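Next comes entry-v2.txt, a file with compact mmCIF, C-alpha atoms.
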```txt
# COMPACT_ATOMS: atom_id res chain seq x y z
CA MET A 1 -4.61 -55.69 38.44
CA ALA A 2 -6.47 -55.41 35.20
CA THR A 3 -9.88 -55.79 36.89
CA ASP A 4 -9.05 -53.04 39.43
CA ALA A 5 -7.75 -50.53 36.85
CA SER A 6 -10.97 -50.06 34.94
CA PRO A 7 -13.23 -48.83 37.72
CA LYS A 8 -10.38 -46.73 39.14
CA PHE A 9 -9.97 -44.67 35.98
CA GLN A 10 -13.71 -44.27 35.57
CA GLN A 11 -13.89 -41.97 38.61
CA ARG A 12 -15.22 -38.52 37.68
CA ASP A 13 -12.49 -36.58 39.46
CA LEU A 14 -9.82 -38.30 37.33
CA LEU A 15 -11.42 -37.80 33.91
CA PRO A 16 -10.55 -34.11 33.19
CA VAL A 17 -7.06 -33.59 31.79
CA PRO A 18 -5.35 -30.69 33.58
CA GLN A 19 -3.83 -28.04 31.29
CA PRO A 20 -1.08 -25.50 31.91
CA PRO A 21 -2.42 -22.09 32.98
CA ASP A 22 -1.17 -20.46 29.74
CA TYR A 23 -2.79 -23.06 27.49
CA HIS A 24 -5.09 -21.54 24.82
CA PRO A 25 -6.76 -23.93 22.37
CA VAL A 26 -7.70 -21.08 20.00
CA VAL A 27 -5.04 -20.48 17.34
CA ALA A 28 -4.13 -16.79 17.30
CA VAL A 29 -2.65 -14.90 14.38
CA SER A 30 1.04 -14.56 15.12
CA PRO A 31 2.36 -11.02 15.04
CA ALA A 32 5.03 -9.96 12.58
CA HIS A 33 8.43 -8.78 13.76
CA ASP A 34 8.59 -5.83 16.19
CA GLY A 35 5.59 -7.45 17.88
CA LEU A 36 3.11 -5.96 15.38
CA HIS A 37 0.52 -7.51 13.11
CA PHE A 38 0.51 -6.86 9.36
CA TRP A 39 -2.56 -4.59 9.58
CA GLN A 40 -0.86 -2.49 12.26
CA PHE A 41 2.06 -1.77 9.93
CA MET A 42 -0.51 -0.71 7.31
CA VAL A 43 -2.30 1.68 9.68
CA ALA A 44 0.97 3.16 10.96
CA GLY A 45 2.21 3.66 7.41
CA SER A 46 -1.06 5.20 6.27
CA ILE A 47 -1.03 7.73 9.10
CA ALA A 48 2.65 8.58 8.49
CA GLY A 49 2.22 9.05 4.74
CA THR A 50 -0.87 11.22 5.05
CA VAL A 51 0.69 13.50 7.69
CA GLU A 52 3.93 13.78 5.70
CA HIS A 53 2.40 14.75 2.36
CA MET A 54 -0.27 17.06 3.74
CA ALA A 55 2.29 18.98 5.81
CA MET A 56 4.71 19.46 2.91
CA PHE A 57 2.21 19.91 0.08
CA PRO A 58 2.95 23.61 -0.70
CA VAL A 59 6.63 22.78 -1.33
CA ASP A 60 5.58 19.97 -3.64
CA THR A 61 3.40 22.39 -5.62
CA ILE A 62 6.37 24.74 -6.15
CA LYS A 63 8.55 21.83 -7.29
CA THR A 64 5.91 20.61 -9.77
CA GLN A 65 5.52 24.02 -11.38
CA MET A 66 9.29 24.49 -11.65
CA GLN A 67 9.69 21.16 -13.42
CA ALA A 68 6.94 21.73 -15.99
CA LEU A 69 8.29 22.77 -19.41
CA GLY A 70 6.74 24.17 -22.59
CA THR A 71 4.73 27.38 -22.45
CA CYS A 72 3.71 26.76 -18.84
CA PRO A 73 4.28 29.73 -16.56
CA LEU A 74 7.15 29.83 -14.08
CA ARG A 75 9.88 28.51 -16.37
CA SER A 76 12.49 30.02 -14.07
CA ALA A 77 14.22 27.59 -11.77
CA SER A 78 14.10 30.10 -8.92
CA ILE A 79 12.06 29.09 -5.88
CA ARG A 80 11.32 32.73 -5.12
CA THR A 81 10.03 33.34 -8.64
CA ALA A 82 7.87 30.22 -8.57
CA LEU A 83 6.41 31.00 -5.15
CA GLY A 84 5.81 34.65 -6.03
CA GLY A 85 4.06 33.69 -9.27
CA ILE A 86 1.72 31.29 -7.50
CA LEU A 87 0.83 33.75 -4.75
CA LYS A 88 0.30 36.59 -7.24
CA SER A 89 -1.94 34.65 -9.63
CA GLU A 90 -3.86 32.42 -7.22
CA GLY A 91 -3.08 33.44 -3.67
CA VAL A 92 -2.23 31.07 -0.84
CA SER A 93 -4.92 28.63 -2.03
CA GLY A 94 -2.84 28.04 -5.18
CA LEU A 95 -0.25 26.24 -3.05
CA TYR A 96 -2.88 23.68 -2.06
CA ARG A 97 -4.43 22.88 -5.43
CA GLY A 98 -4.66 19.12 -5.75
CA ILE A 99 -4.34 18.38 -2.03
CA GLY A 100 -7.58 16.37 -2.22
CA ALA A 101 -5.96 13.95 -4.65
CA MET A 102 -2.98 13.67 -2.35
CA GLY A 103 -5.25 12.90 0.58
CA LEU A 104 -6.99 10.13 -1.36
CA GLY A 105 -3.75 8.56 -2.59
CA ALA A 106 -1.19 8.99 0.17
CA GLY A 107 -2.92 6.95 2.87
CA PRO A 108 -3.53 3.72 0.90
CA ALA A 109 -0.19 3.96 -0.91
CA HIS A 110 1.82 4.33 2.29
CA ALA A 111 -0.15 1.57 3.97
CA VAL A 112 1.03 -0.73 1.18
CA TYR A 113 4.51 0.82 1.22
CA PHE A 114 5.37 0.24 4.86
CA SER A 115 3.61 -3.10 5.28
CA VAL A 116 5.44 -4.56 2.26
CA TYR A 117 8.72 -3.05 3.48
CA GLU A 118 8.41 -4.55 6.95
CA SER A 119 7.40 -7.94 5.59
CA CYS A 120 10.29 -8.04 3.11
CA LYS A 121 12.79 -6.75 5.70
CA LYS A 122 11.83 -9.59 8.01
CA LYS A 123 12.23 -12.11 5.20
CA PHE A 124 15.48 -10.81 3.66
CA SER A 125 17.41 -9.61 6.71
CA GLY A 126 17.84 -13.08 8.21
CA GLY A 127 17.56 -11.62 11.69
CA ASN A 128 20.42 -9.17 11.09
CA PRO A 129 19.21 -5.58 11.80
CA ASN A 130 22.34 -4.14 10.14
CA ASN A 131 21.77 -5.79 6.75
CA SER A 132 21.79 -2.73 4.44
CA ALA A 133 21.26 -4.84 1.31
CA ALA A 134 18.10 -6.32 2.81
CA HIS A 135 16.83 -2.83 3.66
CA ALA A 136 17.49 -1.60 0.12
CA ILE A 137 15.85 -4.61 -1.56
CA SER A 138 12.87 -4.38 0.78
CA GLY A 139 12.49 -0.71 -0.11
CA VAL A 140 12.47 -1.47 -3.83
CA CYS A 141 9.77 -4.13 -3.37
CA ALA A 142 7.74 -1.66 -1.32
CA THR A 143 7.91 1.10 -3.90
CA VAL A 144 6.89 -1.12 -6.83
CA ALA A 145 3.75 -2.13 -4.91
CA SER A 146 2.87 1.32 -3.55
CA ASP A 147 3.45 3.14 -6.86
CA ALA A 148 0.81 0.96 -8.48
CA VAL A 149 -1.64 2.38 -5.94
CA PHE A 150 -0.45 5.99 -5.88
CA THR A 151 0.42 6.82 -9.51
CA PRO A 152 -3.15 7.58 -10.71
CA MET A 153 -3.81 10.05 -7.88
CA ASP A 154 -0.31 11.50 -8.29
CA THR A 155 -1.13 12.23 -11.92
CA VAL A 156 -4.35 14.00 -10.90
CA LYS A 157 -2.51 15.91 -8.17
CA GLN A 158 0.19 17.20 -10.49
CA ARG A 159 -2.27 18.31 -13.16
CA LEU A 160 -4.20 20.25 -10.57
CA GLN A 161 -1.00 21.82 -9.21
CA LEU A 162 -0.14 23.48 -12.52
CA SER A 163 -0.74 27.18 -12.77
CA GLU A 164 -3.94 27.90 -14.74
CA SER A 165 -4.93 24.23 -14.54
CA PRO A 166 -8.06 23.61 -16.64
CA TYR A 167 -9.60 21.26 -14.07
CA LYS A 168 -12.10 22.30 -11.42
CA GLY A 169 -11.14 19.61 -8.95
CA VAL A 170 -10.24 15.97 -8.41
CA LEU A 171 -13.46 14.48 -9.77
CA ASP A 172 -13.51 16.77 -12.81
CA CYS A 173 -9.90 15.88 -13.61
CA VAL A 174 -10.57 12.14 -13.33
CA LYS A 175 -13.63 12.33 -15.57
CA ARG A 176 -11.95 14.44 -18.25
CA VAL A 177 -8.77 12.39 -18.35
CA LEU A 178 -10.80 9.18 -18.72
CA LYS A 179 -12.91 10.74 -21.49
CA GLU A 180 -10.16 12.53 -23.43
CA GLU A 181 -7.11 10.31 -22.90
CA GLY A 182 -8.33 7.00 -21.52
CA PHE A 183 -7.40 5.04 -18.40
CA LYS A 184 -3.81 4.48 -19.56
CA ALA A 185 -3.10 8.21 -19.07
CA PHE A 186 -3.19 7.66 -15.31
CA TYR A 187 -0.27 5.23 -15.65
CA ALA A 188 1.70 7.09 -18.35
CA SER A 189 4.46 7.77 -15.84
CA TYR A 190 4.32 4.48 -13.91
CA LYS A 191 7.46 3.05 -15.51
CA THR A 192 9.38 6.25 -14.86
CA THR A 193 7.95 6.49 -11.34
CA VAL A 194 9.17 2.97 -10.50
CA LEU A 195 12.57 3.62 -12.10
CA MET A 196 12.84 6.79 -10.03
CA ASN A 197 11.46 5.47 -6.76
CA ALA A 198 13.34 2.17 -6.84
CA PRO A 199 16.78 3.83 -6.49
CA TYR A 200 15.24 6.57 -4.34
CA THR A 201 13.84 4.02 -1.91
CA ALA A 202 16.99 1.89 -1.96
CA VAL A 203 19.13 4.92 -1.06
CA HIS A 204 16.51 6.19 1.39
CA PHE A 205 16.05 3.03 3.44
CA ALA A 206 19.72 2.06 3.44
CA THR A 207 20.69 5.59 4.54
CA TYR A 208 17.92 5.74 7.13
CA GLU A 209 18.81 2.44 8.79
CA ALA A 210 22.55 3.27 8.72
CA ALA A 211 22.03 6.81 10.05
CA LYS A 212 19.70 5.57 12.78
CA LEU A 213 22.27 3.00 13.86
CA GLY A 214 25.09 5.58 13.72
CA LEU A 215 23.17 8.18 15.72
CA SER A 216 22.24 5.64 18.37
CA GLY A 217 25.90 4.61 18.63
CA VAL A 218 27.22 8.17 18.96
CA SER A 219 25.14 8.98 22.03
CA PRO A 220 23.27 5.91 23.25
CA ASP A 221 22.18 7.66 26.46
CA SER A 222 20.45 10.63 24.83
CA ALA A 223 19.66 9.10 21.44
CA SER A 224 18.31 5.61 21.88
CA ASP A 225 17.06 3.59 18.93
CA GLU A 226 13.50 4.50 19.89
CA SER A 227 14.14 8.25 20.28
CA ILE A 228 12.01 10.50 18.07
CA ILE A 229 15.01 12.78 17.41
CA VAL A 230 16.96 9.82 16.02
CA HIS A 231 14.15 8.84 13.65
CA ALA A 232 13.64 12.44 12.55
CA THR A 233 17.33 13.15 11.94
CA ALA A 234 17.99 9.86 10.16
CA GLY A 235 14.85 10.32 8.08
CA ALA A 236 15.82 13.87 7.06
CA ALA A 237 19.30 12.77 5.97
CA ALA A 238 17.92 9.84 4.02
CA GLY A 239 15.21 11.91 2.33
CA ALA A 240 17.57 14.71 1.27
CA LEU A 241 20.21 12.41 -0.22
CA ALA A 242 17.73 10.17 -2.04
CA ALA A 243 15.85 13.19 -3.42
CA LEU A 244 19.00 14.79 -4.84
CA VAL A 245 20.19 11.60 -6.53
CA THR A 246 16.86 10.92 -8.27
CA THR A 247 15.86 14.45 -9.33
CA PRO A 248 16.43 13.86 -13.11
CA LEU A 249 13.95 10.97 -13.12
CA ASP A 250 11.48 13.06 -11.12
CA VAL A 251 11.65 15.76 -13.81
CA VAL A 252 10.86 13.15 -16.47
CA LYS A 253 7.96 11.83 -14.37
CA THR A 254 6.47 15.30 -14.01
CA GLN A 255 6.75 15.87 -17.76
CA LEU A 256 4.90 12.65 -18.55
CA GLN A 257 2.15 13.31 -16.02
CA CYS A 258 1.54 16.91 -17.09
CA GLN A 259 1.97 16.54 -20.87
CA GLY A 260 -0.49 18.46 -23.00
CA ILE A 261 -1.87 20.41 -20.04
CA CYS A 262 -1.46 24.16 -19.52
CA GLY A 263 0.74 24.37 -22.62
CA CYS A 264 3.19 21.72 -21.43
CA ASP A 265 4.82 19.59 -24.11
CA ARG A 266 3.05 16.45 -25.29
CA PHE A 267 5.31 13.53 -26.16
CA LYS A 268 4.65 11.21 -29.09
CA SER A 269 5.88 8.26 -27.08
CA GLY A 270 6.14 7.51 -23.38
CA SER A 271 9.79 6.58 -23.79
CA ILE A 272 11.94 7.80 -20.92
CA GLY A 273 14.88 8.22 -23.28
CA ASP A 274 12.87 10.46 -25.62
CA VAL A 275 11.76 12.69 -22.76
CA PHE A 276 15.34 12.94 -21.52
CA ARG A 277 16.55 14.00 -24.98
CA ILE A 278 13.81 16.62 -25.37
CA ILE A 279 14.55 18.14 -21.96
CA VAL A 280 18.28 18.30 -22.69
CA LYS A 281 17.62 19.76 -26.15
CA LYS A 282 15.34 22.53 -24.84
CA ASP A 283 16.97 23.35 -21.53
CA GLY A 284 20.38 21.66 -21.46
CA TYR A 285 21.50 19.21 -18.83
CA ARG A 286 20.57 21.66 -16.12
CA GLY A 287 16.96 21.04 -17.12
CA LEU A 288 17.25 17.55 -15.63
CA MET A 289 17.90 19.12 -12.24
CA ARG A 290 14.94 21.49 -12.30
CA GLY A 291 13.35 21.67 -8.88
CA TRP A 292 16.18 19.87 -7.07
CA MET A 293 16.21 22.37 -4.24
CA PRO A 294 12.48 22.33 -3.42
CA ARG A 295 12.59 18.57 -3.91
CA MET A 296 15.25 18.31 -1.20
CA LEU A 297 13.42 20.88 0.92
CA PHE A 298 10.33 18.70 0.57
CA HIS A 299 11.83 15.28 1.17
CA ALA A 300 14.14 16.09 4.09
CA PRO A 301 11.46 17.36 6.49
CA ALA A 302 8.84 15.07 4.91
CA ALA A 303 10.93 12.01 5.65
CA ALA A 304 11.61 13.27 9.18
CA ILE A 305 7.87 13.73 9.73
CA CYS A 306 7.04 10.42 8.11
CA TRP A 307 9.52 8.29 10.04
CA SER A 308 8.78 10.00 13.36
CA THR A 309 5.04 9.52 12.89
CA TYR A 310 5.48 5.95 11.70
CA GLU A 311 7.69 4.94 14.62
CA ALA A 312 5.36 6.70 17.07
CA ALA A 313 2.40 4.78 15.66
CA LYS A 314 4.38 1.53 15.88
CA ALA A 315 5.23 2.29 19.52
CA PHE A 316 1.54 2.86 20.23
CA PHE A 317 0.59 -0.50 18.72
CA GLN A 318 3.45 -2.26 20.52
CA GLU A 319 2.22 -0.93 23.86
CA HIS A 320 -1.36 -1.84 22.92
CA ASN A 321 -0.32 -5.41 22.07
CA THR A 322 1.73 -5.74 25.26
CA VAL A 323 -1.25 -4.68 27.40
CA ASN A 324 -3.58 -7.06 25.56
CA ASN A 325 -1.14 -9.96 25.91
CA SER A 326 -0.72 -9.35 29.64
CA VAL A 327 -4.52 -9.28 30.11
CA THR A 328 -5.12 -12.50 28.18
CA ALA A 329 -2.15 -14.33 29.76
```
Once you've parsed the file, please lay out its structure as structure tokens.
Amino acid sequence: MATDASPKFQQRDLLPVPQPPDYHPVVAVSPAHDGLHFWQFMVAGSIAGTVEHMAMFPVDTIKTQMQALGTCPLRSASIRTALGGILKSEGVSGLYRGIGAMGLGAGPAHAVYFSVYESCKKKFSGGNPNNSAAHAISGVCATVASDAVFTPMDTVKQRLQLSESPYKGVLDCVKRVLKEEGFKAFYASYKTTVLMNAPYTAVHFATYEAAKLGLSGVSPDSASDESIIVHATAGAAAGALAALVTTPLDVVKTQLQCQGICGCDRFKSGSIGDVFRIIVKKDGYRGLMRGWMPRMLFHAPAAAICWSTYEAAKAFFQEHNTVNNSVTA
């Protein structure tokens, strides 16, 4: 038997090893959850963030001017007064001062924001889509990472938004801040920004996921989990609530970013506590809620736009991946 086996297995038609039809020797990069790759979350987030902030920029300008203290114009907390002052002194273009800085910062920051959020949510949720704690923790991780990217451009944006801003544009502002105050000026508010955005994001994501689940449960036929109206409504509710809760820290952030410009107060230290005390001393506790209404008016529709755009972009990539997988199968 041994002498017959050798020539038998040397036949050419028996040498190739048959493989299953779906066998692919090339190792592919495995997609993250939701069937998307990491880079696709980044692109979806970048598109969502850019659309959101560009669309709502005029409201953000009003909020910034209302929060600025010192001898800056528009000390009144009235939205009508702030808007009228901007239109009277600078026209409609005054509502869009600094939008270039927003355009440069929003895309990269939101790409980091959403990709980190999705990665952390996958890791912390343990496969449970209703894990609110995991959503909140993931949101905090996302904001710490994205704020490191966005804070410098946010500082430039807010300085340009001030009425009678001394800067000609984004590049002029960057050059002068570097020359007169040094690189650290771009991150003067980073600590406050993180302390503000961490609870903001925790409230935002937890509310968004809970509201989305609740809306889908109320009317599953007309409001499925993938419905744009569900994402928009849940996003608006989450944005409004989170914005209201964190307004005092946003006021402090604005003060630190705009200090010494256009007559705004300059603080001897970057201590959050010192800024709080100065605001309360000059304007009372109501000063900590300056701009709460335009902040809510900004974040409610902004979050609705952002989440709708983000989920639409995700749906596009999911369909794209499904088509590609069916072709290569």
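Minimum atom-to-atom distance to His37 in chain A, evaluated using all atoms listed in the file, belongs to A:Gln318 out of A:Ser78, A:Gln161, A:Gln67, A:Gln318.
Take CA of Gly84 in chain A and CA of Leu160 in chain A: the distance between them is 18.1 Å.
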Against range 300-308 of chain A, which residues of range 161-230 of chain A fall within 12 Å? For each one I want the closest pair of atoms and the distance in Å (one decimal), counting only C-alpha atoms, rows by chain and increasing residue number, as a Markdown table.
```
| residue | atom | partner | partner_atom | distance |
| --- | --- | --- | --- | --- |
| A:Thr201 | CA | A:Ala303 | CA | 11.4 |
| A:His204 | CA | A:Ala303 | CA | 9.1 |
| A:Phe205 | CA | A:Ala303 | CA | 10.6 |
| A:Thr207 | CA | A:Ala303 | CA | 11.7 |
| A:Tyr208 | CA | A:Trp307 | CA | 9.2 |
| A:Glu209 | CA | A:Trp307 | CA | 11.0 |
| A:Lys212 | CA | A:Trp307 | CA | 10.9 |
| A:Asp225 | CA | A:Ser308 | CA | 11.9 |
| A:Glu226 | CA | A:Ser308 | CA | 9.8 |
| A:Ser227 | CA | A:Ser308 | CA | 8.9 |
| A:Ile228 | CA | A:Ser308 | CA | 5.7 |
| A:Ile229 | CA | A:Ser308 | CA | 7.9 |
| A:Val230 | CA | A:Ser308 | CA | 8.6 |
```
Output C-alpha atoms of each residue in that selection to a file, as an mmCIF file, in the coordinates of the input.
```
data_model
loop_
_atom_site.group_PDB
_atom_site.id
_atom_site.type_symbol
_atom_site.label_atom_id
_atom_site.label_comp_id
_atom_site.auth_asym_id
_atom_site.auth_seq_id
_atom_site.Cartn_x
_atom_site.Cartn_y
_atom_site.Cartn_z
ATOM 1 C CA THR A 201 13.840 4.020 -1.910
ATOM 2 C CA HIS A 204 16.510 6.190 1.390
ATOM 3 C CA PHE A 205 16.050 3.030 3.440
ATOM 4 C CA THR A 207 20.690 5.590 4.540
ATOM 5 C CA TYR A 208 17.920 5.740 7.130
ATOM 6 C CA GLU A 209 18.810 2.440 8.790
ATOM 7 C CA LYS A 212 19.700 5.570 12.780
ATOM 8 C CA ASP A 225 17.060 3.590 18.930
ATOM 9 C CA GLU A 226 13.500 4.500 19.890
ATOM 10 C CA SER A 227 14.140 8.250 20.280
ATOM 11 C CA ILE A 228 12.010 10.500 18.070
ATOM 12 C CA ILE A 229 15.010 12.780 17.410
ATOM 13 C CA VAL A 230 16.960 9.820 16.020
#
```
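As for CA of Gly126 in chain A and CA of Gly139 in chain A, they are spaced 15.8 Å apart.
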Could you work out how far CA of His135 in chain A lies from CA of Pro294 in chain A, giving the answer in Å with one decimal?
->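 Computed distance, CA of Pro294 in chain A to CA of His135 in chain A, equals 26.5 Å.
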Determine, for each residue of range 96-165 of chain A having at least one atom at most 12 Å from an atom of range 85-91 of chain A, the closest pair of atoms and their separation in Å to one decimal, counting only C-alpha atoms; order by chain and ascending number, as CSV.
```
residue,atom,partner,partner_atom,distance
A:Tyr96,CA,A:Gly91,CA,9.9
A:Arg97,CA,A:Glu90,CA,9.7
A:Gln161,CA,A:Ile86,CA,10.0
A:Leu162,CA,A:Ile86,CA,9.5
A:Ser163,CA,A:Ile86,CA,7.1
A:Glu164,CA,A:Ser89,CA,8.7
A:Ser165,CA,A:Glu90,CA,11.0
```
Using C-alpha atoms, can you write the selected residues to a file as a compact mmCIF listing (two decimals), in the frame of the given file?
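Okay, result-v6.txt is ready:
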```
# COMPACT_ATOMS: atom_id res chain seq x y z
CA TYR A 96 -2.88 23.68 -2.06
CA ARG A 97 -4.43 22.88 -5.43
CA GLN A 161 -1.00 21.82 -9.21
CA LEU A 162 -0.14 23.48 -12.52
CA SER A 163 -0.74 27.18 -12.77
CA GLU A 164 -3.94 27.90 -14.74
CA SER A 165 -4.93 24.23 -14.54
```
Note to self: Can you pull out the residues contacting Thr193 in chain A? Cut-off 8 Å, using all atoms listed in the file, and skip same-chain residues under 2 positions away; I want them as a PyMOL selection string.
What the structure shows: chain A and resi 147+151+189-191+195-197+249-250+253
- Item | Long-range neighbours of range 121-123 of chain A as a list in words, 9 Å cut-off, only C-alpha atoms, 5 positions minimum in chain |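 The filter keeps Ala32, His33, Val116, Pro129, Ala134, His135, Ala136, Ile137, Ser138 and Gly139 of chain A.
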Okay, now the selection with C-alpha atoms, as a compact mmCIF listing (two decimals), in the frame of the given file?
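Okay, out.txt is ready:
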```txt
# COMPACT_ATOMS: atom_id res chain seq x y z
CA ALA A 32 5.03 -9.96 12.58
CA HIS A 33 8.43 -8.78 13.76
CA VAL A 116 5.44 -4.56 2.26
CA PRO A 129 19.21 -5.58 11.80
CA ALA A 134 18.10 -6.32 2.81
CA HIS A 135 16.83 -2.83 3.66
CA ALA A 136 17.49 -1.60 0.12
CA ILE A 137 15.85 -4.61 -1.56
CA SER A 138 12.87 -4.38 0.78
CA GLY A 139 12.49 -0.71 -0.11
```
- Hey, which of A:Val112, A:Glu52, A:Lys179, A:Ala142 ends up closest to Phe38 in chain A? Count only C-alpha atoms.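 Using only C-alpha atoms, the shortest distance to Phe38 in chain A belongs to A:Val112.
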The residue from A:Ser119, A:Val327, A:Ala206, A:Arg295 with the smallest atom-to-atom distance to Leu36 in chain A, counting only C-alpha atoms, is A:Ser119
